[in-house]
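*Asks:* Following this message is one structure expressed as structure tokens.
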Amino acid sequence: GYRKGGYHAVRPGDQFAAGRYVAQRKLGWGNFSTVWLAFDVQSQRYVALKIQKSAPEFAQAALHEIEFLSEITKRDPSNRKCIIQLIDHFKHTGPNGQHICLVFEFLGDSLLKLVQYNRYKGIGFDRVKRICKSILVGLDYLHNELGIIHSDLKLENVLLVSTIDPSKDPIRSGLKPNLEKPEGNPNGEVGLNPIEKKLKMRARRVLAKLAEKRKSVVESSRSERSLDGIDLTCKIVDFGNACWADKQFTDFIQTRQYRAPEIILGAGYSFSVDMWSFACIAFELATGEMLFTPKEGHGYSEDEDHLALMMELLGKMPKKIATMGTRSKEYFDRHGDLKRIRRLKLSSVERILVDKYKISESDAREFANFLCPLLDFAPEKRPTAAECLKHPWLQYDEDKTCEPHNNNDAQSTGNTTSGACTNIDVTDKK
Ligand code: ATP
Ligand code: MG
Ligand code: MG
């Protein structure tokens, strides 16, 4: 946390980069950094200031992120590619060391918050489609034009583009930029006697409780309201784990639930790992629940459970693929069957959408038709982002309905893959 090598403690009003940025309030945090809403005095607008932990490994990670973001921003001068733009970066020295800071355009809530505001019920297909389009535009740009694999796509790493001016939304921020320098030192406690300290701590606890209460009231009243001022385009963020397709840094990537099978098997990877994660995101937006939530069990690992869940939903993994990776022998026998999980409960994406999530047969069929090709066990068979953008499921009039156009080109993309997920050929092992 907040110690040597760790986070930099910030208070509203703190200045950065010789006074150019003034901290307003904390927006979020991750394993590597805290992120603050800041006011850019020079351009008179709000920005997001990511302040990295100071230890060398975090500094290294920040430089890595800057390398990718600089390229991404440089090649997209019109800022239309649905990827976060880097505005500036600099170093800031504080009591815990030297912190690399990244300055981004200010964005809104993450897709995870959006799903939470909707109480994990799914956000409706119109919105799912809009968001999917944005993500695909971003992925097409990353993959096709830049040769970058994001490697960690998930709900938290896609942020909505907020049209809300932070200065006009009292819930989200103060009423006007706070440009006051805070008094005292950042921890605020030094100089107080023990009794004062105790009282202050107690007051702080009470205030925190009240704030928590207010937050939960605000959040529950925001289920629909949270979409006000949001046009539902979104942007991909967090390039801390990105790599070049032709220069990879590690075999082991992605967050568990969004991880592609070839990563678990140790079979090498390319752009199509992002397409797998993208399908997981689309499913989660539509249903409010993660597509795969593997768990370790008696006698089998989380990895093996993950592979079993995939096969229950998508059919048996072709033997050639199953046995191809450097780790295949850990999970599969020589027939291409899982070693420890012998009985699979077969289903399909379409069935689950209808039976578990009560989605209409026709919506479920169209959606499954879009998703299943992306969940192909053979990475090279997964459609690219550009191909997905042409899929009938995404051809609709933005302003009116979601009726697909009869676009022949797009139709053929859909047809080649239709039925892929309903033809389950795994036999139930007795
Ligand atoms: P991780 O552990 O996920 O790698 P990290 O330390 O690299 O985290 P980010 O994921 O880049 O940090 O950012 C942390 C959080 O800060 C995000 O999940 C988001 O809530 C918020 N955030 C980041 N960038 C912005 C932005 N441009 N506008 C608004 N909020 C942002
Ligand atoms: Mg993150
Ligand atoms: Mg990161």
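Note on naming: chains are A, B, ... as they come in the structure tokens, residues start from 1 per chain, ligands start from 1 in the order shown.
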Residues within 8 Å of ligand 1 should be enumerated using only C-alpha atoms and all ligand atoms and returned as a ChimeraX atom specification.

*Replies:* /A:27-37,47-50,52,84,103-110,156-157,159,237-241

*Asks:* List as a PyMOL selection string the protein and nucleic acid residues near Val137 (chain A), meaning an atom at most 12 Å away when only C-alpha atoms are counted, but skip any in the same chain fewer than 6 places from it.

*Replies:* chain A and resi 79-83+130-131+143-145+233-236+278+384-390

*Asks:* Identify, on the basis of only C-alpha atoms, every residue whose closest approach to Asp14 (chain A) does not exceed 7 Å; exclude the query and any residue fewer than 4 positions from it along the same chain; express the result as a PyMOL selection string.

*Replies:* chain A and resi 10+22-23+181-182

*Asks:* Name all residues at most 9 Å from Leu353 (chain A) (count only C-alpha atoms; drop same-chain ones fewer than 3 positions away) and give them as a PDB file with N, CA and C atoms, in the first residue's frame.

*Replies:*
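Contents of the output file selection_8.pdb:
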ATOM      1  N   THR A 287     -26.059 -11.102 -19.993  1.00  0.00           N
ATOM      2  CA  THR A 287     -26.690 -11.924 -18.951  1.00  0.00           C
ATOM      3  C   THR A 287     -26.429 -11.408 -17.540  1.00  0.00           C
ATOM      4  N   SER A 348     -25.428 -25.863 -24.350  1.00  0.00           N
ATOM      5  CA  SER A 348     -24.935 -25.024 -25.446  1.00  0.00           C
ATOM      6  C   SER A 348     -25.212 -23.585 -25.068  1.00  0.00           C
ATOM      7  N   VAL A 349     -24.521 -22.680 -25.717  1.00  0.00           N
ATOM      8  CA  VAL A 349     -24.706 -21.262 -25.422  1.00  0.00           C
ATOM      9  C   VAL A 349     -26.183 -20.902 -25.596  1.00  0.00           C
ATOM     10  N   GLU A 350     -26.749 -21.368 -26.717  1.00  0.00           N
ATOM     11  CA  GLU A 350     -28.135 -21.029 -27.017  1.00  0.00           C
ATOM     12  C   GLU A 350     -29.088 -21.537 -25.932  1.00  0.00           C
ATOM     13  N   LYS A 356     -31.587 -20.615 -18.787  1.00  0.00           N
ATOM     14  CA  LYS A 356     -31.133 -19.997 -17.540  1.00  0.00           C
ATOM     15  C   LYS A 356     -31.435 -18.505 -17.492  1.00  0.00           C
ATOM     16  N   TYR A 357     -31.279 -17.837 -18.645  1.00  0.00           N
ATOM     17  CA  TYR A 357     -31.404 -16.373 -18.621  1.00  0.00           C
ATOM     18  C   TYR A 357     -32.705 -15.869 -19.224  1.00  0.00           C
ATOM     19  N   LYS A 358     -33.579 -16.822 -19.602  1.00  0.00           N
ATOM     20  CA  LYS A 358     -34.929 -16.458 -20.067  1.00  0.00           C
ATOM     21  C   LYS A 358     -34.917 -15.478 -21.241  1.00  0.00           C
ATOM     22  N   ILE A 359     -33.958 -15.653 -22.116  1.00  0.00           N
ATOM     23  CA  ILE A 359     -33.893 -14.834 -23.320  1.00  0.00           C
ATOM     24  C   ILE A 359     -34.724 -15.535 -24.390  1.00  0.00           C
ATOM     25  N   SER A 360     -35.431 -14.772 -25.217  1.00  0.00           N
ATOM     26  CA  SER A 360     -36.324 -15.383 -26.211  1.00  0.00           C
ATOM     27  C   SER A 360     -35.521 -16.254 -27.176  1.00  0.00           C
ATOM     28  N   GLU A 361     -36.183 -17.276 -27.723  1.00  0.00           N
ATOM     29  CA  GLU A 361     -35.509 -18.227 -28.621  1.00  0.00           C
ATOM     30  C   GLU A 361     -34.809 -17.508 -29.770  1.00  0.00           C
ATOM     31  N   ASP A 363     -33.846 -14.239 -30.093  1.00  0.00           N
ATOM     32  CA  ASP A 363     -32.707 -13.427 -29.639  1.00  0.00           C
ATOM     33  C   ASP A 363     -31.524 -14.335 -29.292  1.00  0.00           C
ATOM     34  N   ALA A 364     -31.832 -15.424 -28.606  1.00  0.00           N
ATOM     35  CA  ALA A 364     -30.778 -16.346 -28.178  1.00  0.00           C
ATOM     36  C   ALA A 364     -30.071 -16.942 -29.392  1.00  0.00           C
ATOM     37  N   ARG A 365     -30.829 -17.296 -30.414  1.00  0.00           N
ATOM     38  CA  ARG A 365     -30.235 -17.912 -31.602  1.00  0.00           C
ATOM     39  C   ARG A 365     -29.302 -16.922 -32.299  1.00  0.00           C
ATOM     40  N   PHE A 367     -27.861 -14.260 -31.053  1.00  0.00           N
ATOM     41  CA  PHE A 367     -26.715 -13.915 -30.219  1.00  0.00           C
ATOM     42  C   PHE A 367     -25.698 -15.067 -30.198  1.00  0.00           C
ATOM     43  N   ALA A 368     -26.200 -16.293 -30.061  1.00  0.00           N
ATOM     44  CA  ALA A 368     -25.310 -17.467 -30.041  1.00  0.00           C
ATOM     45  C   ALA A 368     -24.581 -17.586 -31.372  1.00  0.00           C
TER      46      ALA A 368
END

*Asks:* Which polymer residues have any atom within 8 Å of an atom of His8 (chain A), counting only C-alpha atoms, with same-chain residues fewer than 4 positions away left out, as a PyMOL selection string?

*Replies:* chain A and resi 2-3+34+51-54+94-96+99

*Asks:* Could you write out that same residue set with C-alpha atoms as a PDB file, in the first residue's frame?

*Replies:*
ATOM      1  CA  TYR A   2       1.088   3.466   0.988  1.00  0.00           C
ATOM      2  CA  ARG A   3       4.741   2.844   1.907  1.00  0.00           C
ATOM      3  CA  THR A  34      -4.127   4.895  -7.876  1.00  0.00           C
ATOM      4  CA  ILE A  51       0.049   7.546 -10.271  1.00  0.00           C
ATOM      5  CA  GLN A  52       2.100   4.374 -10.370  1.00  0.00           C
ATOM      6  CA  LYS A  53       3.634   2.719  -7.314  1.00  0.00           C
ATOM      7  CA  SER A  54       7.294   3.676  -7.078  1.00  0.00           C
ATOM      8  CA  GLY A  94       6.995  11.956  -2.953  1.00  0.00           C
ATOM      9  CA  PRO A  95       7.760  10.433   0.458  1.00  0.00           C
ATOM     10  CA  ASN A  96       7.459   6.883  -0.932  1.00  0.00           C
ATOM     11  CA  HIS A  99       6.321   7.685  -9.212  1.00  0.00           C
TER      12      HIS A  99
END

*Asks:* Using only C-alpha atoms, find the one residue out of A:Ile321, A:Lys295, A:Glu284, A:Tyr300 that sits nearest to Gly124 (chain A).

*Replies:* A:Glu284

*Asks:* With only C-alpha atoms and all ligand atoms as the basis for distance, which of A:Ala18, A:Ile341, A:Ala38, A:Ala242 is at the shortest distance from ligand 2?

*Replies:* A:Ala242

*Asks:* Could you give me, as number ranges by chain, the residues within 7 Å of Arg382 (chain A), counting only C-alpha atoms and dropping anything in the same chain fewer than 5 positions from it?

*Replies:* A: 272, 373-376

*Asks:* Mind writing the picked residues with C-alpha atoms as a PDB file, in the first residue's frame?

*Replies:*
ATOM      1  CA  SER A 272      -7.465 -14.297 -31.281  1.00  0.00           C
ATOM      2  CA  PRO A 373     -17.540 -18.711 -33.718  1.00  0.00           C
ATOM      3  CA  LEU A 374     -15.516 -16.505 -31.352  1.00  0.00           C
ATOM      4  CA  LEU A 375     -15.372 -19.379 -28.896  1.00  0.00           C
ATOM      5  CA  ASP A 376     -13.853 -21.792 -31.384  1.00  0.00           C
TER       6      ASP A 376
END

*Asks:* Could you jot down the CA of Gln15 (chain A) to CA of Leu86 (chain A) separation for me, Å, one decimal place?

*Replies:*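 So the answer is 19.1 Å.
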
*Asks:* Would you return as an MDAnalysis selection string the members of region 187-392 of chain A that DSSP assigns to helix (DSSP H, G or I) on this structure's backbone?

*Replies:* chainID A and resid 194:220 225:227 256:258 261:265 272:287 302:314 319:322 328:331 349:355 361:375 379:381 385:389 392

*Asks:* Looking at A:Asp355, A:Phe292, A:Asp305, A:Arg327, which one is nearest to Arg343 (chain A), with distances taken over only C-alpha atoms?

*Replies:*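 Using only C-alpha atoms, Arg343 (chain A) sits closest to A:Asp305.
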
*Asks:* Between A:Thr255, A:Ala17, A:Ile148, A:Leu136, which is the closest to ligand 3 once you count only C-alpha atoms and all ligand atoms?

*Replies:*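 Residue with the minimum atom-to-atom distance to ligand 3: A:Thr255.
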
*Asks:* Find the spatial neighbours of region 328-337 of chain A, counting only C-alpha atoms, within a cut-off of 9 Å - ignore same-chain residues fewer than 5 positions away - and output them as a list of chain:residue names.

*Replies:*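 Selected residues are A:Ile264, A:Leu265, A:Gly266, A:Ala267, A:Asp303, A:Glu304, A:Leu307, A:Lys316, A:Met317, A:Pro318, A:Lys319, A:Lys320, A:Ile321, A:Ala322, A:Thr323, A:Arg342.
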
*Asks:* Considering only C-alpha atoms, can you say which of A:Lys339, A:Arg45, A:Lys26, A:Lys121 comes closest to Ile87 (chain A)?

*Replies:*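 Among the listed residues, the smallest separation from Ile87 (chain A) belongs to A:Arg45.
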
*Asks:* Would you mind reading off the distance between CA of Leu285 (chain A) and CA of Leu111 (chain A), one decimal, in Å?

*Replies:*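 Taking CA of Leu285 (chain A) and CA of Leu111 (chain A), their separation equals 8.0 Å.
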